[in-house]
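Enquirer: Starting off with a structure, shown below.
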Amino acid sequence: MNHFTSVNDVPDLSALLARCRSVKQNPLGTLNLGVGKTLGCIFFNPSLRTRLSTQRAAYNLGLSVIVMNIGAEGWKLEFEDGTVMNDDKAEHIKDAVAVMGQYCDVLGIRAFANLKDRDADYQEAILKAFKQYSGVPIISLESATRHPCQSLADLITIEQHKPSQVPTVLLTWAPHPKALPQAVGNSFAEWTLAAGYNLRIANPAGYDLNPEFTRGAEIFHDAKSAYEGVDFVYAKNWSSYQSYGEVLNQEMEWRVDEQKMALTENAGFMHCLPVRRNMVVTDAVIDSERSLVVEQAANRVVAAQAVLEAILR
Amino acid sequence: MNHFTSVNDVPDLSALLARCRSVKQNPLGTLNLGVGKTLGCIFFNPSLRTRLSTQRAAYNLGLSVIVMNIGAEGWKLEFEDGTVMNDDKAEHIKDAVAVMGQYCDVLGIRAFANLKDRDADYQEAILKAFKQYSGVPIISLESATRHPCQSLADLITIEQHKPSQVPTVLLTWAPHPKALPQAVGNSFAEWTLAAGYNLRIANPAGYDLNPEFTRGAEIFHDAKSAYEGVDFVYAKNWSSYQSYGEVLNQEMEWRVDEQKMALTENAGFMHCLPVRRNMVVTDAVIDSERSLVVEQAANRVVAAQAVLEAILR
Amino acid sequence: MNHFTSVNDVPDLSALLARCRSVKQNPLGTLNLGVGKTLGCIFFNPSLRTRLSTQRAAYNLGLSVIVMNIGAEGWKLEFEDGTVMNDDKAEHIKDAVAVMGQYCDVLGIRAFANLKDRDADYQEAILKAFKQYSGVPIISLESATRHPCQSLADLITIEQHKPSQVPTVLLTWAPHPKALPQAVGNSFAEWTLAAGYNLRIANPAGYDLNPEFTRGAEIFHDAKSAYEGVDFVYAKNWSSYQSYGEVLNQEMEWRVDEQKMALTENAGFMHCLPVRRNMVVTDAVIDSERSLVVEQAANRVVAAQAVLEAILR
């Protein structure tokens with residue numbers, strides 16, 4: 001694997017999932033693989049799960065880790081080519097990235113969507129700059145439009161709990177007080193479709209995700225009917241893709257609750273966390289035996305470790 | 001040892017102090033004990049000595065370390081159960097903590113008192129949440145009401161310098177421009193009493209510490225008389241426990257100076273640092289041969305290492 | 001080597017440069033030298049290249065690393081002796097430093113010039129306090145007046161590319177929107193002179209560097225004539241030393257461009273980064289085959305590793 005920024009970077013998804021099973025069984029089996037090598041984790045946005053799970057995965061492989069919070073510890077970067085840099089931007093992204101690539105063997109990058117300019121966000125300028133100028137393998141730790149480390153952890157979780165070879169999975173939009181990126185939703189759609197699952201997506205009208213990610217999924221525009229018979233319910237808020245970045249409604253009927261879960265085939269409840277309790281999902285559901293959220297989070301280490309291992313080999 | 005949040009978590013204080021002596025003599029004797037394991041240090045408040053000494057102790061045991069400054073790098077956490085999380089708090093403490101416990105084998109937590117609501121502070125909500133939801137051993141890196149790593153370092157220092165089996169120790173309040181927590185004072189009281197020392201506490205009227213921590217100590221309300229004949233003088237400011245969090249006075253007569261030190265049995269001077277020079281203690285005392293403050297700080301590594309070792313075993 | 005804060009701390013520059021060549025050829029040859037030891041990196045100012053390259057160098061030697069951003073993670077420090085510390089400064093530099101020296105085997109310090117009080121900056125209070133009170137070897141990661149790790153990386157780069165035994169090197173001032181310290185310029189001058197190179201310095205009138213650093217160099221006050229026949233062009237902005245900290249002009253005729261580079265002996269272009277493109281140097285020059293800036297940045301690891309190795313031995 002050269003980079004890990006979307007499911008398209010994975011040459012053989014089944015093989016990667018098999019490797020994840022091995023890593024989970026024996027996390028310290030390759031404690032010397034990364035000795036003498038360094039992973040750099042560059043955060044343009046805050047992170048808890050992603051940073052901690054990626055650091056832990058790296059340590060399990062004997063890698064050294066350097067963490068850099070660009071916002072808090074760095075300075076403003078210029079992205080335009082050819083400008084006279086006489087304002088508040090102290091360094092061009094291409095110079096900063098070329099240098100980081102000299103100091104680290106692998107780079108993980110987190111850079112969220114701004115939710116202001118759709119074309120800009122979907123062009124993934126930061127991720128592209130790192131691929132183009134760093135000279136080393138790049139791992140997306142959530143970009144403007146995708147969150148592949150999360151999606152791989154989601155698939156590991158589903159694989160462990162699926163009741164049949166081809167499970168039916170519901171990705172349901174849920175209300176949230178703030179405008180959020182579409183990255184987790186986009187990514188979950190493309191990974192579950194690549195895995196061959198039956199994917200349903202339920203969201204209010206006006207909240208359809210970018211069809212490039214959801215082609216092959218069944219789309220529902222009511223809060224309830226899609227729950228019937230599904231094996232997994234994955235809740236996630238995202239802001240509108242069409243009315244880009246807007247919060248069109250916060251209708252609480254879209255909250256995941258026991259009534260709707262009762263319509264499923266005893267489905268597992270999933271969420272990538274952090275979650276707004278009783279806004280996205282009721283306490284009764286997230287604290288139930290069918291809740292997989294902590295295991296999902298634990299699988300972030302497994303996913304990151306399998307990806308790092310594939311890149312190091 | 002399961003957790004390390006107060007002296008009550010220590011099954012055998014003499015044995016722990018004996019182990020501290022061994023660690024101090026041979027700090028790298030167990031460099032492989034923690035290999036493949038990770039300590040997470042979660043700071044809700046800033047830290048210099050505690051973070052550096054704990055990291056160093058962990059490295060001496062071969063542990064990997066992940067540091068997270070929740071304030072600077074994280075987001076606001078919800079502590080109430082059952083609320084609809086539609087405000088600025090992005091994650092419930094119980095979810096954040098459950099996840100951290102999946103990524104780390106041991107967690108160290110720093111969470112100061114707010115000094116606004118005494119009952120809330122003394123309930124130790126954050127520390128309790130980590131104990132309840134993380135599933136891993138918890139080390140207090142200073143909580144709202146206690147600072148056990150500091151107290152263990154203090155005892156190591158006293159043990160090395162005590163002129164007799166049962167030394168007489170004076171904990172004296174000292175003036176300070178800001179309102180400070182009672183954690184160091186509380187903790188020093190309960191640890192020295194557990195060690196069987198003679199403990200005197202001197203503070204102005206209105207500044208008595210919570211009697212649950214000081215039962216067995218002799219309390220003085222004047223600045224001078226308690227110094228007579230003591231072997232150690234430990235200076236520390238705290239805000240009022242009764243008029244909770246208030247600064248009732250800044251009387252400079254309570255400052256530790258050479259005149260008062262001359263009343264002692266050539267006592268060692270102790271302070272946990274950081275210290276306001278010439279406010280809490282004069283330069284002449286803290287820079288004298290009887291000052292133990294740097295050695296005390298150095299013993300923070302020894303204390304943290306012995307605690308981590310006891311938890312790992 | 002006891003400390004590494006200027007070229008004067010280097011007992012044998014040729015030997016250090018020879019060691020740098022070995023480190024570059026075999027960076028992991030001494031992966032166990034630092035095991036059980038810890039480098040502390042204390043930043044009073046932000047850092048990208050310096051922090052990442054120093055961390056990587058330390059990991060290549062098996063050192064553990066503790067990073068502390070004093071501004072973001074610490075508190076205000078008192079520098080005056082004898083004051084009553086009753087204001088916003090929570091700790092005296094001498095106490096903070098003494099403690100850090102107890103926790104780390106080597107300390108790296110970054111503390112920029114304030115550019116307000118020339119005497120204060122050139123007295124290097126912070127660096128001196130670390131030397132005086134820490135009790136351990138100190139590495140300057142850029143102080144108020146010098147940047148020796150950068151200069152050593154610069155010399156490594158020149159040594160690899162110099163067309164003759166004694167190259168001719170031009171350090172040219174270049175325009176910049178902000179007032180910058182003189183540290184890189186000062187340091188480059190004293191290191192290239194110590195290496196025996198022919199040094200030319202070109203800057204507008206009013207921008208002469210402190211003559212203590214440049215004695216032996218040929219000074220030019222026009223933007224162009226110094227380029228003729230040089231082997232290396234090193235661009236850097238600095239604010240005025242005479243009119244201390246002031247930006248006297250931003251004349252774009254001082255920008256490094258292809259016309260001026262054409263006057264040289266096919267010179268290599270150097271800059272320490274971060275660089276304001278098209279302000280300090282045109283894209284055409286920095287993106288040309290003669291640009292050495294990325295290699296220079298890569299050599300920061302080599303320099304830091306050779307220095308750490310010399311200190312550890």
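Here's how to read the names in the structure tokens: chain A, B, ... by the order shown, residue numbers from 1 in each chain, ligand numbers from 1 in the order shown.
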Looking only at the backbone, which of the residues in stretch 2-93 of chain B does DSSP tag as helix (DSSP H, G or I), as a VMD selection string?
Expert: chain B and resid 7 to 9 13 to 25 49 to 60 70 to 73 93
Enquirer: Enumerate, as a list of chain:residue names, the complete set of residues in stretch 134-284 of chain C that a backbone-based DSSP assignment places in strand (DSSP E).
Expert: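 Filtering stretch 134-284 of chain C to strand (DSSP E) leaves C:Ile138, C:Ile139, C:Ser140, C:Thr168, C:Val169, C:Leu170, C:Leu171, C:Thr172, C:Trp173, C:Asn198, C:Leu199, C:Arg200, C:Ile201, C:Ala202, C:Glu218, C:Ile219, C:Phe220, C:Phe232, C:Val233, C:Tyr234, C:Ala235, C:Lys236, C:Gly268, C:Phe269, C:Met270.
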Enquirer: Please produce an output containing N, CA and C atoms for each residue in the selection, written as a PDB file, in the first residue's frame.
Expert:
ATOM      1  N   ILE C 138      23.196  21.780  27.698  1.00  0.00           N
ATOM      2  CA  ILE C 138      22.164  22.595  27.050  1.00  0.00           C
ATOM      3  C   ILE C 138      22.451  22.682  25.552  1.00  0.00           C
ATOM      4  N   ILE C 139      21.418  22.437  24.747  1.00  0.00           N
ATOM      5  CA  ILE C 139      21.505  22.643  23.301  1.00  0.00           C
ATOM      6  C   ILE C 139      20.596  23.805  22.948  1.00  0.00           C
ATOM      7  N   SER C 140      21.147  24.795  22.263  1.00  0.00           N
ATOM      8  CA  SER C 140      20.315  25.895  21.792  1.00  0.00           C
ATOM      9  C   SER C 140      19.534  25.459  20.561  1.00  0.00           C
ATOM     10  N   THR C 168      33.226  30.482  -1.716  1.00  0.00           N
ATOM     11  CA  THR C 168      32.801  31.852  -1.444  1.00  0.00           C
ATOM     12  C   THR C 168      31.284  31.853  -1.270  1.00  0.00           C
ATOM     13  N   VAL C 169      30.879  32.379  -0.143  1.00  0.00           N
ATOM     14  CA  VAL C 169      29.489  32.274   0.287  1.00  0.00           C
ATOM     15  C   VAL C 169      28.927  33.674   0.462  1.00  0.00           C
ATOM     16  N   LEU C 170      27.725  33.900  -0.093  1.00  0.00           N
ATOM     17  CA  LEU C 170      27.067  35.192   0.102  1.00  0.00           C
ATOM     18  C   LEU C 170      25.844  35.023   1.005  1.00  0.00           C
ATOM     19  N   LEU C 171      25.868  35.760   2.104  1.00  0.00           N
ATOM     20  CA  LEU C 171      24.670  35.871   2.949  1.00  0.00           C
ATOM     21  C   LEU C 171      23.996  37.178   2.571  1.00  0.00           C
ATOM     22  N   THR C 172      22.814  37.079   1.950  1.00  0.00           N
ATOM     23  CA  THR C 172      22.155  38.312   1.534  1.00  0.00           C
ATOM     24  C   THR C 172      20.863  38.541   2.299  1.00  0.00           C
ATOM     25  N   TRP C 173      20.703  39.755   2.813  1.00  0.00           N
ATOM     26  CA  TRP C 173      19.447  40.193   3.404  1.00  0.00           C
ATOM     27  C   TRP C 173      18.371  40.168   2.323  1.00  0.00           C
ATOM     28  N   ASN C 198      35.209  32.037   2.480  1.00  0.00           N
ATOM     29  CA  ASN C 198      35.136  33.459   2.169  1.00  0.00           C
ATOM     30  C   ASN C 198      33.687  33.892   2.318  1.00  0.00           C
ATOM     31  N   LEU C 199      33.438  34.807   3.231  1.00  0.00           N
ATOM     32  CA  LEU C 199      32.057  35.222   3.486  1.00  0.00           C
ATOM     33  C   LEU C 199      31.819  36.655   3.025  1.00  0.00           C
ATOM     34  N   ARG C 200      30.789  36.817   2.193  1.00  0.00           N
ATOM     35  CA  ARG C 200      30.288  38.151   1.855  1.00  0.00           C
ATOM     36  C   ARG C 200      28.918  38.317   2.482  1.00  0.00           C
ATOM     37  N   ILE C 201      28.649  39.506   2.981  1.00  0.00           N
ATOM     38  CA  ILE C 201      27.308  39.806   3.496  1.00  0.00           C
ATOM     39  C   ILE C 201      26.803  41.050   2.785  1.00  0.00           C
ATOM     40  N   ALA C 202      25.598  40.929   2.201  1.00  0.00           N
ATOM     41  CA  ALA C 202      24.993  42.074   1.516  1.00  0.00           C
ATOM     42  C   ALA C 202      23.709  42.450   2.226  1.00  0.00           C
ATOM     43  N   GLU C 218      33.199  40.348   4.186  1.00  0.00           N
ATOM     44  CA  GLU C 218      33.186  41.533   3.347  1.00  0.00           C
ATOM     45  C   GLU C 218      31.735  42.015   3.264  1.00  0.00           C
ATOM     46  N   ILE C 219      31.500  43.272   3.644  1.00  0.00           N
ATOM     47  CA  ILE C 219      30.120  43.782   3.710  1.00  0.00           C
ATOM     48  C   ILE C 219      29.797  44.615   2.467  1.00  0.00           C
ATOM     49  N   PHE C 220      28.636  44.364   1.869  1.00  0.00           N
ATOM     50  CA  PHE C 220      28.161  45.110   0.698  1.00  0.00           C
ATOM     51  C   PHE C 220      26.841  45.781   1.053  1.00  0.00           C
ATOM     52  N   PHE C 232      27.662  30.004  -3.242  1.00  0.00           N
ATOM     53  CA  PHE C 232      26.404  29.785  -2.524  1.00  0.00           C
ATOM     54  C   PHE C 232      25.774  31.141  -2.221  1.00  0.00           C
ATOM     55  N   VAL C 233      24.458  31.197  -2.385  1.00  0.00           N
ATOM     56  CA  VAL C 233      23.706  32.390  -1.976  1.00  0.00           C
ATOM     57  C   VAL C 233      22.750  31.971  -0.866  1.00  0.00           C
ATOM     58  N   TYR C 234      22.928  32.562   0.306  1.00  0.00           N
ATOM     59  CA  TYR C 234      22.090  32.245   1.472  1.00  0.00           C
ATOM     60  C   TYR C 234      21.230  33.470   1.748  1.00  0.00           C
ATOM     61  N   ALA C 235      19.920  33.346   1.544  1.00  0.00           N
ATOM     62  CA  ALA C 235      19.022  34.484   1.746  1.00  0.00           C
ATOM     63  C   ALA C 235      18.420  34.437   3.140  1.00  0.00           C
ATOM     64  N   LYS C 236      18.270  35.595   3.737  1.00  0.00           N
ATOM     65  CA  LYS C 236      17.663  35.658   5.071  1.00  0.00           C
ATOM     66  C   LYS C 236      17.306  37.097   5.385  1.00  0.00           C
ATOM     67  N   GLY C 268      24.615  27.476  -5.471  1.00  0.00           N
ATOM     68  CA  GLY C 268      23.492  26.837  -4.792  1.00  0.00           C
ATOM     69  C   GLY C 268      22.702  27.885  -4.033  1.00  0.00           C
ATOM     70  N   PHE C 269      21.363  27.714  -4.011  1.00  0.00           N
ATOM     71  CA  PHE C 269      20.529  28.640  -3.249  1.00  0.00           C
ATOM     72  C   PHE C 269      20.165  28.016  -1.905  1.00  0.00           C
ATOM     73  N   MET C 270      20.344  28.787  -0.837  1.00  0.00           N
ATOM     74  CA  MET C 270      20.087  28.274   0.514  1.00  0.00           C
ATOM     75  C   MET C 270      19.160  29.209   1.296  1.00  0.00           C
TER      76      MET C 270
END
Enquirer: So that I can check the surroundings of C:Ile42, please list as a list in words every protein, DNA and RNA residue that reaches within 10 Å of it, counting only C-alpha atoms and ignoring chain neighbours fewer than 3 positions away.
Expert: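 What passes the distance filter is Leu39, Asn45, Arg51, Ile66, Val67, Met68, Asn69, Ile70, Gly71, Met100, Leu107, Gly108, Ile109, Arg110, Ala111, Ser140 and Leu141 of chain C.
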Enquirer: May I have the residues within 10 Å of stretch 222-225 of chain A as a list of chain:residue names, using only C-alpha atoms and disregarding those fewer than 6 positions away in the same chain?
Expert: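 Selected residues are A:Thr172, A:Trp173, A:Ala174, A:Ala202, A:Asn203, A:Pro204, A:Ala205, A:Glu251, A:Met252, A:Glu253, A:Trp254, A:Arg255, A:Val256, A:Gln259, A:Lys260, A:Met261, A:Leu263.
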Enquirer: Next, the residues of the selection above should be written as a short mmCIF file (atom, residue, chain, number, x, y, z; two decimals), in the first residue's frame with N, CA and C atoms.
Expert:
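What ended up in again_37.cif:
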data_model
loop_
_atom_site.label_atom_id
_atom_site.label_comp_id
_atom_site.auth_asym_id
_atom_site.auth_seq_id
_atom_site.Cartn_x
_atom_site.Cartn_y
_atom_site.Cartn_z
N THR A 172 -27.90 6.07 9.30
CA THR A 172 -28.97 7.05 9.46
C THR A 172 -28.43 8.39 9.94
N TRP A 173 -28.86 9.44 9.26
CA TRP A 173 -28.60 10.81 9.71
C TRP A 173 -29.28 11.02 11.06
N ALA A 174 -28.70 11.86 11.90
CA ALA A 174 -29.29 12.16 13.21
C ALA A 174 -29.05 13.63 13.52
N ALA A 202 -30.57 6.62 5.41
CA ALA A 202 -31.78 7.39 5.71
C ALA A 202 -31.39 8.79 6.13
N ASN A 203 -31.94 9.78 5.47
CA ASN A 203 -31.68 11.17 5.87
C ASN A 203 -32.84 12.04 5.42
N PRO A 204 -33.06 13.19 6.08
CA PRO A 204 -34.11 14.10 5.63
C PRO A 204 -33.84 14.58 4.20
N ALA A 205 -34.89 14.98 3.51
CA ALA A 205 -34.72 15.58 2.18
C ALA A 205 -33.77 16.77 2.32
N GLU A 251 -34.61 18.03 13.49
CA GLU A 251 -35.81 17.29 13.90
C GLU A 251 -35.45 16.09 14.76
N MET A 252 -35.99 16.09 15.97
CA MET A 252 -35.64 15.04 16.93
C MET A 252 -36.26 13.69 16.57
N GLU A 253 -37.19 13.68 15.63
CA GLU A 253 -37.73 12.37 15.22
C GLU A 253 -36.64 11.50 14.58
N TRP A 254 -35.52 12.13 14.17
CA TRP A 254 -34.43 11.37 13.55
C TRP A 254 -33.46 10.77 14.58
N ARG A 255 -33.64 11.12 15.82
CA ARG A 255 -32.81 10.55 16.87
C ARG A 255 -33.01 9.02 16.95
N VAL A 256 -31.94 8.30 17.15
CA VAL A 256 -32.06 6.85 17.29
C VAL A 256 -32.57 6.51 18.68
N GLN A 259 -37.62 2.62 20.18
CA GLN A 259 -38.76 2.30 19.33
C GLN A 259 -38.26 1.92 17.92
N LYS A 260 -37.39 2.74 17.40
CA LYS A 260 -36.91 2.45 16.05
C LYS A 260 -36.00 1.23 16.05
N MET A 261 -35.16 1.09 17.08
CA MET A 261 -34.28 -0.09 17.14
C MET A 261 -35.08 -1.38 17.20
N LEU A 263 -37.51 -2.17 15.53
CA LEU A 263 -37.92 -2.58 14.18
C LEU A 263 -36.83 -3.41 13.48
#
Enquirer: Please report as a ChimeraX atom specification which residues of chain B come no farther than 8 Å from chain A, using only C-alpha atoms.
Expert: /B:36,38,64,66,72-74,82-87,90-92,95-96,98-100,102-104
Enquirer: Mind dumping the selected residues with N, CA and C atoms as a JSON list (two decimals), in the first residue's frame?
Expert:
[["chain", "number", "residue", "atom", "x", "y", "z"],
["B", 36, "GLY", "N", 5.71, -2.60, 25.42],
["B", 36, "GLY", "CA", 4.46, -3.02, 24.80],
["B", 36, "GLY", "C", 3.23, -2.45, 25.49],
["B", 38, "THR", "N", 1.29, 1.13, 27.33],
["B", 38, "THR", "CA", 1.21, 2.58, 27.14],
["B", 38, "THR", "C", 0.54, 3.26, 28.32],
["B", 64, "SER", "N", 5.53, 3.24, 26.78],
["B", 64, "SER", "CA", 5.23, 4.34, 25.87],
["B", 64, "SER", "C", 4.30, 5.31, 26.58],
["B", 66, "ILE", "N", 1.48, 8.60, 26.05],
["B", 66, "ILE", "CA", 0.66, 9.51, 25.24],
["B", 66, "ILE", "C", 0.20, 10.63, 26.16],
["B", 72, "ALA", "N", -6.33, 22.31, 25.73],
["B", 72, "ALA", "CA", -5.78, 22.87, 24.50],
["B", 72, "ALA", "C", -6.07, 22.00, 23.29],
["B", 73, "GLU", "N", -6.12, 20.70, 23.47],
["B", 73, "GLU", "CA", -6.21, 19.81, 22.31],
["B", 73, "GLU", "C", -7.57, 19.14, 22.17],
["B", 74, "GLY", "N", -8.41, 19.20, 23.20],
["B", 74, "GLY", "CA", -9.66, 18.45, 23.16],
["B", 74, "GLY", "C", -10.87, 19.35, 23.02],
["B", 82, "GLY", "N", -28.03, 12.00, 31.46],
["B", 82, "GLY", "CA", -29.41, 12.12, 31.00],
["B", 82, "GLY", "C", -29.74, 13.41, 30.27],
["B", 83, "THR", "N", -28.80, 14.35, 30.19],
["B", 83, "THR", "CA", -29.09, 15.60, 29.49],
["B", 83, "THR", "C", -29.14, 15.38, 27.98],
["B", 84, "VAL", "N", -29.90, 16.23, 27.31],
["B", 84, "VAL", "CA", -29.86, 16.30, 25.85],
["B", 84, "VAL", "C", -28.68, 17.18, 25.49],
["B", 85, "MET", "N", -27.69, 16.59, 24.86],
["B", 85, "MET", "CA", -26.42, 17.31, 24.66],
["B", 85, "MET", "C", -26.49, 18.20, 23.42],
["B", 86, "ASN", "N", -27.16, 19.33, 23.59],
["B", 86, "ASN", "CA", -27.35, 20.23, 22.44],
["B", 86, "ASN", "C", -26.63, 21.57, 22.64],
["B", 87, "ASP", "N", -25.66, 21.60, 23.57],
["B", 87, "ASP", "CA", -24.94, 22.87, 23.77],
["B", 87, "ASP", "C", -23.50, 22.73, 23.29],
["B", 90, "ALA", "N", -19.20, 18.59, 23.60],
["B", 90, "ALA", "CA", -19.22, 17.70, 22.45],
["B", 90, "ALA", "C", -19.21, 16.23, 22.81],
["B", 91, "GLU", "N", -18.88, 15.89, 24.05],
["B", 91, "GLU", "CA", -18.77, 14.47, 24.38],
["B", 91, "GLU", "C", -19.03, 14.28, 25.86],
["B", 92, "HIS", "N", -19.64, 13.16, 26.21],
["B", 92, "HIS", "CA", -19.86, 12.84, 27.62],
["B", 92, "HIS", "C", -18.59, 12.23, 28.19],
["B", 95, "ASP", "N", -18.11, 8.47, 27.87],
["B", 95, "ASP", "CA", -17.70, 7.93, 26.57],
["B", 95, "ASP", "C", -16.23, 8.21, 26.30],
["B", 96, "ALA", "N", -15.80, 9.44, 26.58],
["B", 96, "ALA", "CA", -14.38, 9.79, 26.38],
["B", 96, "ALA", "C", -13.48, 8.87, 27.20],
["B", 98, "ALA", "N", -14.19, 5.85, 28.54],
["B", 98, "ALA", "CA", -14.24, 4.44, 28.12],
["B", 98, "ALA", "C", -13.31, 4.22, 26.93],
["B", 99, "VAL", "N", -13.24, 5.19, 26.06],
["B", 99, "VAL", "CA", -12.38, 5.07, 24.88],
["B", 99, "VAL", "C", -10.90, 5.15, 25.27],
["B", 100, "MET", "N", -10.56, 6.11, 26.12],
["B", 100, "MET", "CA", -9.15, 6.23, 26.55],
["B", 100, "MET", "C", -8.68, 4.92, 27.18],
["B", 102, "GLN", "N", -9.50, 2.03, 26.36],
["B", 102, "GLN", "CA", -9.22, 1.05, 25.31],
["B", 102, "GLN", "C", -7.83, 1.26, 24.71],
["B", 103, "TYR", "N", -7.31, 2.45, 24.80],
["B", 103, "TYR", "CA", -6.05, 2.78, 24.10],
["B", 103, "TYR", "C", -4.83, 2.73, 25.03],
["B", 104, "CYS", "N", -5.08, 2.82, 26.34],
["B", 104, "CYS", "CA", -3.97, 2.92, 27.28],
["B", 104, "CYS", "C", -4.10, 1.84, 28.36]]
Enquirer: Quick one, how far is atom CA of B:Ala120 from atom CA of B:Ala179?
Expert: 17.0 Å
Enquirer: If you count only C-alpha atoms, which residues fall within 12 Å of stretch 12-25 of chain C, apart from same-chain ones fewer than 4 positions away, as a ChimeraX atom specification?
Expert: /C:1,4,6-8,29-31,57,60-61,151-160,191-196,295,298-311
Enquirer: Can you pull out the residues contacting A:Ala183? Cut-off 7 Å, using only C-alpha atoms, and skip same-chain residues under 3 positions away; I want them as a PyMOL selection string.
Expert: chain A and resi 144-147+186-187
Enquirer: Residues within 7 Å of B:Lys89, please, as a compact mmCIF listing (two decimals) with N, CA and C atoms, in the first residue's frame. Count only C-alpha atoms; anything in the same chain fewer than 6 positions from it doesn't count.
Expert:
# COMPACT_ATOMS: atom_id res chain seq x y z
N LYS B 76 -14.96 20.42 25.13
CA LYS B 76 -15.68 20.45 26.40
C LYS B 76 -16.43 19.14 26.61
N LEU B 77 -16.41 18.66 27.84
CA LEU B 77 -17.03 17.40 28.19
C LEU B 77 -18.28 17.62 29.05
N GLU B 78 -19.28 16.78 28.82
CA GLU B 78 -20.50 16.79 29.62
C GLU B 78 -20.33 15.84 30.80
Enquirer: If I take atom CA of B:Asp231 and atom CA of B:Arg215, how far is one from the other in Å, to one decimal?
Expert: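 One can read the atom CA of B:Asp231 to atom CA of B:Arg215 distance as 20.4 Å.
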